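Data first, discussion second: the structure below is written as structure tokens.
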Amino acid sequence: MILLSAPVDYLPIAMMFVVAMGFVLSTMVATHLLGPNRKSKVKLETFECGIEPQGNSRMPFSIKYFLIAILFVLFDVEVIFMYPWAVNFRSMGVTGLLEMFLFMGILVLGLIYIIRKGALKWE
């Protein structure tokens, strides 16, 4: 028997969304209207954990930070694909095992490629 859901079944979710957005918007408006609005040179100065700021905050820095972050996310997301495989390992049989070996092989080839290109060398 197939159960079909009617649009009215989603009414509690829609109501919860409206209440949550209403709370967020009313809180933001209330803080701007009720909060203090005193600006001074000291208040608008950059704060860096008690250390006096030095230099320009708009200084460019190495693209290596972004590259390492992207590579981390790329290889970290691949682990997410391994979880369903591990849960269904027995039901997938030898075919699932071979497919996972192929998947891991492609990942290892990608890792070898970025190592040879020097993407992980920190200077």
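Identifiers for the structure tokens are assigned positionally: chains receive A, B, ... in sequence, residues are indexed from 1 per chain, and ligands are indexed from 1 in the order shown.
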Within 10 Å of stretch 66-70 of chain A, counting only C-alpha atoms, which residues show up once you throw out same-chain ones fewer than 3 positions away? Write them as a ChimeraX atom specification, please.
/A:61-63,73-76,119-122
Write out as a ChimeraX atom specification which residues come within 10 Å of stretch 105-108 of chain A when counting only C-alpha atoms, dropping same-chain ones fewer than 4 positions away.
/A:74-75,78,99-101,112-114
Using DSSP secondary structure from the backbone, list all helix (DSSP H, G or I) positions within chain A, as a count of residues only.
80
